[in-house]
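Q: After the structure tokens below, expect a handful of questions from me.
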4 protein chains.
Amino acid sequence: MTDDAYAALEQLGAAPLWRFYGNLFPAQPRSRALPYRWSWQDLRPHLLHFSKTLSLHEAERRVLMLVNPGLTDPPATVTTLYAGLQIILPGETAQAHRHTSNAFRFVLEGEGAYTTVNGEPVRMAPGDLLLTPGWHWHDHTHQGDAPMIWLDALDYPLVNALEAGFYEQYPERLQPLTRGADLGSRQFLHGRLNPTWLTPDGTGNSPVTRYTWQETARALDAIAEDATGSEVDGIALEYTDPFTGGPVMPTIGCRIHRLRPGFDGAGRRHTASTVINVVRGEGATVVDGVRLEWSEHDTIAIPGWATYRHVNASASRDAVLFSYSDEPVMRSLGLYRTEPGDPGA
Amino acid sequence: MTDDAYAALEQLGAAPLWRFYGNLFPAQPRSRALPYRWSWQDLRPHLLHFSKTLSLHEAERRVLMLVNPGLTDPPATVTTLYAGLQIILPGETAQAHRHTSNAFRFVLEGEGAYTTVNGEPVRMAPGDLLLTPGWHWHDHTHQGDAPMIWLDALDYPLVNALEAGFYEQYPERLQPLTRGADLGSRQFLHGRLNPTWLTPDGTGNSPVTRYTWQETARALDAIAEDATGSEVDGIALEYTDPFTGGPVMPTIGCRIHRLRPGFDGAGRRHTASTVINVVRGEGATVVDGVRLEWSEHDTIAIPGWATYRHVNASASRDAVLFSYSDEPVMRSLGLYRTEPGDPGA
Amino acid sequence: MTDDAYAALEQLGAAPLWRFYGNLFPAQPRSRALPYRWSWQDLRPHLLHFSKTLSLHEAERRVLMLVNPGLTDPPATVTTLYAGLQIILPGETAQAHRHTSNAFRFVLEGEGAYTTVNGEPVRMAPGDLLLTPGWHWHDHTHQGDAPMIWLDALDYPLVNALEAGFYEQYPERLQPLTRGADLGSRQFLHGRLNPTWLTPDGTGNSPVTRYTWQETARALDAIAEDATGSEVDGIALEYTDPFTGGPVMPTIGCRIHRLRPGFDGAGRRHTASTVINVVRGEGATVVDGVRLEWSEHDTIAIPGWATYRHVNASASRDAVLFSYSDEPVMRSLGLYRTEPGDPGA
Amino acid sequence: MTDDAYAALEQLGAAPLWRFYGNLFPAQPRSRALPYRWSWQDLRPHLLHFSKTLSLHEAERRVLMLVNPGLTDPPATVTTLYAGLQIILPGETAQAHRHTSNAFRFVLEGEGAYTTVNGEPVRMAPGDLLLTPGWHWHDHTHQGDAPMIWLDALDYPLVNALEAGFYEQYPERLQPLTRGADLGSRQFLHGRLNPTWLTPDGTGNSPVTRYTWQETARALDAIAEDATGSEVDGIALEYTDPFTGGPVMPTIGCRIHRLRPGFDGAGRRHTASTVINVVRGEGATVVDGVRLEWSEHDTIAIPGWATYRHVNASASRDAVLFSYSDEPVMRSLGLYRTEPGDPGA
């Protein structure tokens, strides 16, 4: 076969498969993402610095993106998901907008802010999980006394890879408040009771606007002694959609993990990609031979199909991790696979 | 046509449809069940009487069946469902058994008893809803100081009509306790968080063993001011299965209703049959022209396709109703129908 | 306990559970229905007789109900289902009506008639299965040259037991024809291809109006040599809803069975109740020790939880059975149970 | 803000969101894929040329990839899907392998070959659709007299973007034949009848191995005059999974379209990406202002969110198109959006 023949093919929009085979069909996935830890101690000062030097009118959102060294263009934290650290100062507001990407915030520090989601002011306190499902208007307002910082999570790397992203800015800076504060949360959070006058909106998104830390802590406490848990993931609880019992959004699943004192987890891998934020405690996650030491509010990336295991470094105190992953995507598309393994190190 | 011809048919196991038509195909359902109220004030003394004169070794369960005047043979409360008032004394136990029928208990009075369900002791306090899904072993033990009384509910009228009932007695009086107390409840009740190490058992029954009144009250309180509710059913919350978001059992749906002070409901009817127990307050439910006055712990039968409306007689206090119905059956089988209406009276 | 005390209870609408226990909770179901065979040879002359002596203006439908000896009041064929033999003469029409009950016809003899279902004329030929889902208008018209006879099947015993039956007569004798003949069938029957411009109507009923014998025969022929089949039910194929892959109606499942020459089936029982019509061949079904010999067009009742097995009496020819059952009901409500067994005889 | 500050951030794995905003959140999707047509007339000679100059022992598969000019690295036909033209000569075999990617073949020319899928030989004839769901072993054998050419389709661009691809080669060149020829097809293709002894394998893949052109043609013929169809897509039928009524694989939906003589379609766009192969006829598809003229066996790419409309150039003959798309992905993930539009030109 001459190169001319291949050139002729190229003119016709064709190419010989046999020259690409190995690249297109690897024996197993090797994620472009790398195991990585982002240090809260190191990044927090930068956040504070920017909060003083960059106004929220210059920046639509004041966020430090947590960019995986293997995923710089376009930037992402793991292959399908993004994490950022957002800071907002007392008196500030952040412009209302909406996007196809599903998003949530997990609050790390401060109090007194709220996010307005489709007209509902949703209050924010440390440990709270706030949902902003795709195409919901949202803006932020801070009425407290000190800076607030939260983890911002979105699935835009997935949505953009699928070329399904839409974005729109609200005509005014803030939406009007049209619903009771935290109503989406209060209607659903207690006792597995669902309001009969509400029905699912058909999007597969949870109607709970705010999963409060107060309830999360109660859930962990309620089974403190009896929980079986998982030898890999500890006492892992999944945040669920009251209408389906499934994940909170079609593309992102969220979990809280309690690792008991001295927890020394078993190793496992799965095709889902995971991001973890440390709620409290100290320990390490070993990922494909890389040991990522962590303490409070650090963020960890576990690439898909990387083998990992968790260790709680304390023999006397719990460690608590918040995690999110694209497992719902992998399951919906029939691509979820998992097996035990030893990450080494 | 001579009678001889019909007699010949009968010998062949046949009959002329044209002689039965109207009976088999009524223009609309007319339930054999009647609108009815069972008085707690009147029945409670009888319960106490039997608690002293009949031992739990004579009676497998010491229960007064609430028999609808239209449904005496076999006895039922509404067409597909049963309600009874059960009493147990301090120190007593009730024999372990299991049956295909789905069952639950809703606690009216007393404390200190527990029901053991498949090895889990489930504590009982007023306002608690305890599930005993079909074919789960269950027995009762009372360790308190005063009689306990609860509403027993089963779907045996349905199961027997469908000829699908099985029953088995446990070889000993009580099951061994093999799980933590209230574990099924504690694992699921808070914050819409599901344990990731548990999976549905495939029966369509909720894994929550006990929906505590504490959580139910918190749910009602959380939306006290903001709830839209229904003009027919008040602020009605459905107890749900954490794995599906659907009803707690495939044949029975359970709800709690808060009727605000002065609530004067709209009328409606549906093919589902309903039983109501009054948690607190005073009022009336008008059913097909019959006015059923009710106060605390009274039980009400609303037959299927009967038009009804609720009234809270107090202008200053809430009324709270607990209800259960066969709506899940009607929906699963495509037989649910509803329309507004005026019950008169 | 004195009788006075019980009388007082009765006045209050209550009764002592302990006097009813065994009846309400049997160890296992014992159907009121009996194993039975209705003889085509015996009943056909009666049908022809009535076709001459009773006009279709006198009888809304000219049908011989197949009444199970154990289920005479109200009449039914098995506990939840009904079968009848309907005859219509050339030139006759049968009044348009609709009812909540799901219905179908399975054609035994003749040609030239059609059933109009919600405006669509659906042609009828031997071996065809025609659906008339609940609340669909339907009437019959016969334009052929000889009497037509079909098996009529309805779930009215179930619907009436659940008190969910509605009925309405069309204001004129026949509906106007508003759709192409057999359109519901032609749109769906070939190659597992679904029209993209149609969507499910939400009722859980198949949109296929007519499952033709031609396609059923092709399905059996296509796997004649390779089918594994079931040792109990032979090569049993389920008629399905194209939108769900599930049963054709929420309350009734339909199947065609080919029993190979010499088939001598294994025994089994299940909580579902079954009616069988013999399409062709000769054999026997043993049900709880009763041997029911059958030949072409005979009808058989197999009560729920009765143990049964099928035998093809011919060593050289197939037997083909058409069956329908309430298995979808039992499964939806979590009441399906099955086990192997030996019916004896 | 100095560049030093940004450099410091980069060292910590962070980046300022405000410098990326517009790129990450476009107002609407603009696919990297371009509207394109691959000419059968031009490519077929190249296929024949390679069939003589490249052995199937050198090339695992002899396929010309249809590479979208906007998607050359990695090569893809539309963003999530791939199409290639594969040729195999009489007497040849193609190595058995399996991969996570879902695949199918749509036969364009020749007869006498079969694909073995998990032990079942599946015959191939023009117009047939053969499924090879993810992780099913498959190899090809050609026993006919002339070259066979088919369209190969895979979702590897999606699977690789999600980093979920696994691949394995069979230890021998061909699998043993362990099932009857076309059994997966014969068991399911006729009359909407499902074998009761088979159950879904839980992967969401259709068990039909071969959707024959014979059945597809019968389906189109059966509604030739009555089909309503769609003003955009003509008389479009979806190939379905018999167990669910849904798409044939979780990531790919397949359709056949008949455009009546003179069909001049309405314009529309949706987030799904589509590939079309022309079964017969001549016409044009206008995509975002680009007019793609097509005739038999040409392949067309319609990028996601591109507006398109179809035209049948003949006033007397049908055009028939086969299409496949990632609509199931978009729907599963809540990313499907569609609206009417005018593609211009």
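Residues are named by chain letter and number: chains run A, B, ... in the order of the structure tokens, numbers start at 1 in each chain, and ligands are numbered from 1 in the order shown.
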For the helix (DSSP H, G or I) assignment from backbone DSSP, which residues of stretch 152-220 of chain D qualify? Please present them as a list in words.
A: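 These are the residues in question: Tyr156, Pro157, Leu158, Val159, Asn160, Ala161, Leu183, Gly184, Ser185, Arg186, Trp213, Gln214, Glu215, Thr216, Ala217, Arg218, Ala219 and Leu220 of chain D.
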Q: Could I get the residues of chain D with an atom no further than 7 Å from an atom of chain C, each paired with its nearest atom pair and that distance in Å to one decimal, using only C-alpha atoms, sorted by chain and residue number, as CSV?
A:
```
residue,atom,partner,partner_atom,distance
D:Gly180,CA,C:Asp226,CA,6.5
D:Arg186,CA,C:Ala222,CA,5.3
D:Gln187,CA,C:Ile223,CA,6.1
D:Leu189,CA,C:Gly191,CA,5.1
D:His190,CA,C:Ala219,CA,5.0
D:Gly191,CA,C:Glu215,CA,4.8
D:Arg192,CA,C:Thr240,CA,5.6
D:Leu193,CA,C:Tyr239,CA,4.6
D:Asn194,CA,C:Glu238,CA,5.0
D:Pro195,CA,C:Leu237,CA,4.5
D:Thr196,CA,C:Leu237,CA,5.5
D:Trp197,CA,C:Gly229,CA,5.8
D:Tyr211,CA,C:Gly191,CA,6.5
D:Glu215,CA,C:Gly191,CA,4.8
D:Thr216,CA,C:Gly191,CA,5.8
D:Arg218,CA,C:His190,CA,6.5
D:Ala219,CA,C:His190,CA,5.0
D:Ala222,CA,C:Arg186,CA,5.3
D:Ile223,CA,C:Arg186,CA,6.0
D:Asp226,CA,C:Gly180,CA,6.5
D:Gly229,CA,C:Trp197,CA,5.8
D:Ser230,CA,C:Trp197,CA,6.2
D:Ala236,CA,C:Thr196,CA,5.8
D:Leu237,CA,C:Pro195,CA,4.5
D:Glu238,CA,C:Asn194,CA,5.0
D:Tyr239,CA,C:Leu193,CA,4.7
D:Thr240,CA,C:Arg192,CA,5.6
D:Pro242,CA,C:Gly245,CA,5.3
D:Phe243,CA,C:Gly245,CA,4.5
D:Thr244,CA,C:Gly245,CA,4.7
D:Gly245,CA,C:Phe243,CA,4.5
```
Q: Could you write those residues out with C-alpha atoms, as a PDB file, in the first residue's frame?
A:
```pdb
ATOM      1  CA  GLY D 180     -28.436 -22.784  16.499  1.00  0.00           C
ATOM      2  CA  ARG D 186     -35.714 -16.564  15.590  1.00  0.00           C
ATOM      3  CA  GLN D 187     -36.655 -16.651  19.245  1.00  0.00           C
ATOM      4  CA  LEU D 189     -38.644 -11.725  15.841  1.00  0.00           C
ATOM      5  CA  HIS D 190     -42.221 -12.772  15.173  1.00  0.00           C
ATOM      6  CA  GLY D 191     -45.508 -11.576  16.512  1.00  0.00           C
ATOM      7  CA  ARG D 192     -44.229  -9.838  19.653  1.00  0.00           C
ATOM      8  CA  LEU D 193     -43.907 -13.207  21.303  1.00  0.00           C
ATOM      9  CA  ASN D 194     -41.190 -13.703  23.941  1.00  0.00           C
ATOM     10  CA  PRO D 195     -39.819 -17.090  24.979  1.00  0.00           C
ATOM     11  CA  THR D 196     -40.811 -17.552  28.596  1.00  0.00           C
ATOM     12  CA  TRP D 197     -37.718 -19.619  29.376  1.00  0.00           C
ATOM     13  CA  TYR D 211     -33.029  -7.946  12.765  1.00  0.00           C
ATOM     14  CA  GLU D 215     -38.935  -8.433   8.735  1.00  0.00           C
ATOM     15  CA  THR D 216     -38.035  -4.777   8.373  1.00  0.00           C
ATOM     16  CA  ARG D 218     -42.647  -6.465   6.148  1.00  0.00           C
ATOM     17  CA  ALA D 219     -42.981  -3.851   8.882  1.00  0.00           C
ATOM     18  CA  ALA D 222     -47.661  -3.457   6.666  1.00  0.00           C
ATOM     19  CA  ILE D 223     -48.303   0.228   7.288  1.00  0.00           C
ATOM     20  CA  ASP D 226     -51.731   4.197   6.930  1.00  0.00           C
ATOM     21  CA  GLY D 229     -45.065   9.077  10.570  1.00  0.00           C
ATOM     22  CA  SER D 230     -43.198  12.224  11.445  1.00  0.00           C
ATOM     23  CA  ALA D 236     -39.470   6.072  11.251  1.00  0.00           C
ATOM     24  CA  LEU D 237     -39.498   2.762  13.094  1.00  0.00           C
ATOM     25  CA  GLU D 238     -37.255   2.040  16.058  1.00  0.00           C
ATOM     26  CA  TYR D 239     -35.586  -1.348  16.446  1.00  0.00           C
ATOM     27  CA  THR D 240     -36.419  -2.422  20.001  1.00  0.00           C
ATOM     28  CA  PRO D 242     -38.013  -7.363  23.295  1.00  0.00           C
ATOM     29  CA  PHE D 243     -37.495  -7.316  27.050  1.00  0.00           C
ATOM     30  CA  THR D 244     -37.955  -3.574  27.495  1.00  0.00           C
ATOM     31  CA  GLY D 245     -39.453  -2.055  24.390  1.00  0.00           C
TER      32      GLY D 245
END
```
Q: Quick one: residues within 12 Å of D:Pro328, only C-alpha atoms counted, chain neighbours fewer than 4 positions away excluded, as a list of chain:residue names?
A: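 So, after excluding close chain neighbours, the residues are A:Ser332, A:Leu333, A:Gly334, D:Thr80, D:Asp155, D:Gly204, D:Asn205, D:Glu238, D:Thr240, D:Gly246, D:Pro247, D:Val248, D:Met249, D:Pro250, D:Thr251, D:Ile252, D:Gly253, D:Cys254, D:Thr271, D:Ala272, D:Ser273, D:Thr274, D:Tyr324, D:Ser332, D:Leu333, D:Gly334, D:Leu335, D:Tyr336.
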Q: Can I get the selected residues back with N, CA, C and O atoms, as a short mmCIF file (atom, residue, chain, number, x, y, z; two decimals), in the first residue's frame?
A:
```cif
data_model
loop_
_atom_site.label_atom_id
_atom_site.label_comp_id
_atom_site.auth_asym_id
_atom_site.auth_seq_id
_atom_site.Cartn_x
_atom_site.Cartn_y
_atom_site.Cartn_z
N SER A 332 -25.95 3.73 34.05
CA SER A 332 -26.99 3.96 33.04
C SER A 332 -26.56 3.46 31.68
O SER A 332 -27.38 2.98 30.90
N LEU A 333 -25.29 3.60 31.37
CA LEU A 333 -24.82 3.25 30.04
C LEU A 333 -24.28 1.83 29.98
O LEU A 333 -23.73 1.40 28.95
N GLY A 334 -24.40 1.08 31.06
CA GLY A 334 -23.93 -0.31 31.04
C GLY A 334 -22.42 -0.43 31.08
O GLY A 334 -21.86 -1.45 30.68
N THR D 80 -19.85 10.85 19.38
CA THR D 80 -19.86 9.68 20.26
C THR D 80 -19.84 8.35 19.51
O THR D 80 -19.73 7.30 20.14
N ASP D 155 -19.69 2.42 19.44
CA ASP D 155 -19.75 3.61 20.30
C ASP D 155 -18.38 3.87 20.96
O ASP D 155 -18.33 4.53 21.99
N GLY D 204 -29.12 -4.48 29.59
CA GLY D 204 -29.83 -3.49 28.80
C GLY D 204 -29.60 -3.64 27.31
O GLY D 204 -29.91 -2.74 26.53
N ASN D 205 -29.06 -4.80 26.90
CA ASN D 205 -28.87 -5.07 25.48
C ASN D 205 -29.96 -6.01 24.98
O ASN D 205 -30.32 -6.96 25.65
N GLU D 238 -38.41 2.30 15.18
CA GLU D 238 -37.26 2.04 16.06
C GLU D 238 -37.09 0.54 16.28
O GLU D 238 -38.05 -0.14 16.67
N THR D 240 -36.27 -2.41 18.54
CA THR D 240 -36.42 -2.42 20.00
C THR D 240 -35.91 -3.72 20.63
O THR D 240 -35.79 -4.76 19.98
N GLY D 246 -37.43 -0.76 24.73
CA GLY D 246 -36.54 0.37 24.54
C GLY D 246 -35.51 0.14 23.45
O GLY D 246 -35.62 -0.81 22.67
N PRO D 247 -34.50 1.00 23.40
CA PRO D 247 -33.50 0.91 22.32
C PRO D 247 -32.70 -0.39 22.40
O PRO D 247 -32.65 -1.04 23.45
N VAL D 248 -32.05 -0.75 21.31
CA VAL D 248 -31.41 -2.05 21.23
C VAL D 248 -30.16 -2.16 22.12
O VAL D 248 -29.79 -3.25 22.54
N MET D 249 -29.55 -1.04 22.40
CA MET D 249 -28.39 -1.05 23.29
C MET D 249 -28.44 0.23 24.13
O MET D 249 -29.04 1.22 23.71
N PRO D 250 -27.82 0.26 25.32
CA PRO D 250 -27.99 1.43 26.19
C PRO D 250 -27.38 2.71 25.62
O PRO D 250 -27.71 3.79 26.07
N THR D 251 -26.51 2.55 24.63
CA THR D 251 -25.83 3.74 24.10
C THR D 251 -26.20 4.07 22.66
O THR D 251 -25.85 5.15 22.18
N ILE D 252 -26.86 3.16 21.98
CA ILE D 252 -27.17 3.37 20.56
C ILE D 252 -28.61 3.00 20.27
O ILE D 252 -29.07 1.91 20.64
N GLY D 253 -29.30 3.90 19.60
CA GLY D 253 -30.63 3.61 19.09
C GLY D 253 -30.59 3.50 17.58
O GLY D 253 -29.89 4.28 16.93
N CYS D 254 -31.34 2.55 17.00
CA CYS D 254 -31.33 2.31 15.55
C CYS D 254 -32.74 2.46 14.99
O CYS D 254 -33.70 2.03 15.61
N THR D 271 -29.98 17.29 20.65
CA THR D 271 -28.62 17.13 21.14
C THR D 271 -28.01 15.79 20.74
O THR D 271 -26.78 15.63 20.85
N ALA D 272 -28.82 14.85 20.29
CA ALA D 272 -28.27 13.57 19.85
C ALA D 272 -27.51 13.73 18.54
O ALA D 272 -27.90 14.50 17.67
N SER D 273 -26.44 12.95 18.40
CA SER D 273 -25.67 12.88 17.16
C SER D 273 -26.13 11.68 16.35
O SER D 273 -26.40 10.62 16.92
N THR D 274 -26.18 11.83 15.03
CA THR D 274 -26.79 10.80 14.18
C THR D 274 -25.90 10.44 13.00
O THR D 274 -25.27 11.31 12.41
N TYR D 324 -28.66 5.66 13.03
CA TYR D 324 -28.39 5.32 14.44
C TYR D 324 -27.88 6.55 15.13
O TYR D 324 -27.31 7.45 14.50
N SER D 332 -30.85 9.05 28.89
CA SER D 332 -30.49 8.47 30.19
C SER D 332 -29.87 9.52 31.11
O SER D 332 -30.06 9.47 32.32
N LEU D 333 -29.09 10.40 30.54
CA LEU D 333 -28.36 11.37 31.35
C LEU D 333 -29.10 12.69 31.50
O LEU D 333 -28.57 13.65 32.07
N GLY D 334 -30.31 12.76 30.99
CA GLY D 334 -31.10 13.98 31.14
C GLY D 334 -30.62 15.11 30.25
O GLY D 334 -30.88 16.28 30.53
N LEU D 335 -29.94 14.79 29.16
CA LEU D 335 -29.34 15.82 28.32
C LEU D 335 -30.02 15.94 26.96
O LEU D 335 -29.55 16.67 26.10
N TYR D 336 -31.13 15.23 26.78
CA TYR D 336 -31.80 15.31 25.49
C TYR D 336 -32.62 16.59 25.42
O TYR D 336 -33.39 16.91 26.33
#
```
Q: Suppose you want the space between atom CA of B:Ile276 and atom CA of B:Asn160; what is it in Å?
A: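 Separating atom CA of B:Ile276 from atom CA of B:Asn160 is a distance of 22.1 Å.
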Q: Select, from C:Gly289, C:Pro207, C:Pro340, C:Pro45, the residue with the minimum atom-to-atom distance to C:Pro133, counting only C-alpha atoms.
A: C:Pro207
Q: For stretch 86-100 of chain D, list every protein, DNA or RNA residue within 7 Å, evaluated using only C-alpha atoms, and leave out those in the same chain fewer than 5 positions away; present the list as a ChimeraX atom specification.
A: /D:47,51,56,60-64,134-152,165-170,173-175
Q: Those residues with C-alpha atoms, as a PDB file, in the first residue's frame please?
A:
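Generated file (selection.pdb):
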```pdb
ATOM      1  CA  LEU D  47     -12.496  -1.316  -0.324  1.00  0.00           C
ATOM      2  CA  SER D  51      -9.446  -6.653  -0.150  1.00  0.00           C
ATOM      3  CA  LEU D  56      -7.133 -10.407   7.218  1.00  0.00           C
ATOM      4  CA  GLU D  60      -7.631  -7.752  12.436  1.00  0.00           C
ATOM      5  CA  ARG D  61     -10.513  -6.146  10.579  1.00  0.00           C
ATOM      6  CA  ARG D  62     -10.370  -4.725   7.024  1.00  0.00           C
ATOM      7  CA  VAL D  63     -12.302  -1.540   7.541  1.00  0.00           C
ATOM      8  CA  LEU D  64     -12.288   1.950   6.125  1.00  0.00           C
ATOM      9  CA  GLY D 134     -20.531  -4.940  24.608  1.00  0.00           C
ATOM     10  CA  TRP D 135     -18.287  -7.757  25.805  1.00  0.00           C
ATOM     11  CA  HIS D 136     -19.811 -10.348  23.467  1.00  0.00           C
ATOM     12  CA  TRP D 137     -17.250 -12.472  21.608  1.00  0.00           C
ATOM     13  CA  HIS D 138     -17.568 -12.051  17.869  1.00  0.00           C
ATOM     14  CA  ASP D 139     -15.799 -13.183  14.724  1.00  0.00           C
ATOM     15  CA  HIS D 140     -16.708 -13.273  11.042  1.00  0.00           C
ATOM     16  CA  THR D 141     -16.665 -16.091   8.488  1.00  0.00           C
ATOM     17  CA  HIS D 142     -17.467 -15.732   4.801  1.00  0.00           C
ATOM     18  CA  GLN D 143     -18.590 -18.794   2.863  1.00  0.00           C
ATOM     19  CA  GLY D 144     -20.174 -17.068  -0.125  1.00  0.00           C
ATOM     20  CA  ASP D 145     -18.981 -16.383  -3.655  1.00  0.00           C
ATOM     21  CA  ALA D 146     -18.413 -12.651  -3.775  1.00  0.00           C
ATOM     22  CA  PRO D 147     -17.114  -9.934  -1.466  1.00  0.00           C
ATOM     23  CA  MET D 148     -19.391  -8.862   1.351  1.00  0.00           C
ATOM     24  CA  ILE D 149     -19.483  -5.288   2.580  1.00  0.00           C
ATOM     25  CA  TRP D 150     -21.232  -3.924   5.615  1.00  0.00           C
ATOM     26  CA  LEU D 151     -21.390  -0.843   7.735  1.00  0.00           C
ATOM     27  CA  ASP D 152     -19.657  -1.339  11.070  1.00  0.00           C
ATOM     28  CA  GLY D 165     -13.053   0.545  27.309  1.00  0.00           C
ATOM     29  CA  PHE D 166     -11.826  -3.021  27.740  1.00  0.00           C
ATOM     30  CA  TYR D 167     -10.684  -5.335  24.968  1.00  0.00           C
ATOM     31  CA  GLU D 168      -9.759  -8.982  24.797  1.00  0.00           C
ATOM     32  CA  GLN D 169      -8.717 -11.303  22.006  1.00  0.00           C
ATOM     33  CA  TYR D 170     -10.074 -14.826  21.846  1.00  0.00           C
ATOM     34  CA  ARG D 173      -9.069 -17.483  15.676  1.00  0.00           C
ATOM     35  CA  LEU D 174     -12.735 -18.491  15.809  1.00  0.00           C
ATOM     36  CA  GLN D 175     -15.145 -19.418  18.562  1.00  0.00           C
TER      37      GLN D 175
END
```
Q: Just asking: which residues within stretch 76-167 of chain A are strand (DSSP E) according to DSSP, as a ChimeraX atom specification?
A: /A:82-88,93-99,103-109,113-117,120-123,129-132,138-142,148-154,167
Q: For atom CA of C:Arg268 and atom CA of C:His310, quote the distance in Å rounded to one decimal.
A: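 These two atoms are separated by 10.1 Å.
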Q: Report as a PyMOL selection string all protein, DNA and RNA residues lying within 12 Å of D:Pro16, evaluated on only C-alpha atoms, omitting residues in the same chain fewer than 2 positions from it.
A: (chain A and resi 43+46-47+50+54+59-67+75+84-86) or (chain D and resi 1+3+5-10+12-14+18-21)
Q: Using only C-alpha atoms, which protein or nucleic acid residues come within 9 Å of B:Val78? Drop anything in the same chain fewer than 6 positions from it, and give the result as a VMD selection string.
A: chain B and resid 31 to 34 67 to 68 70 to 71 157 273 to 275 301 to 304
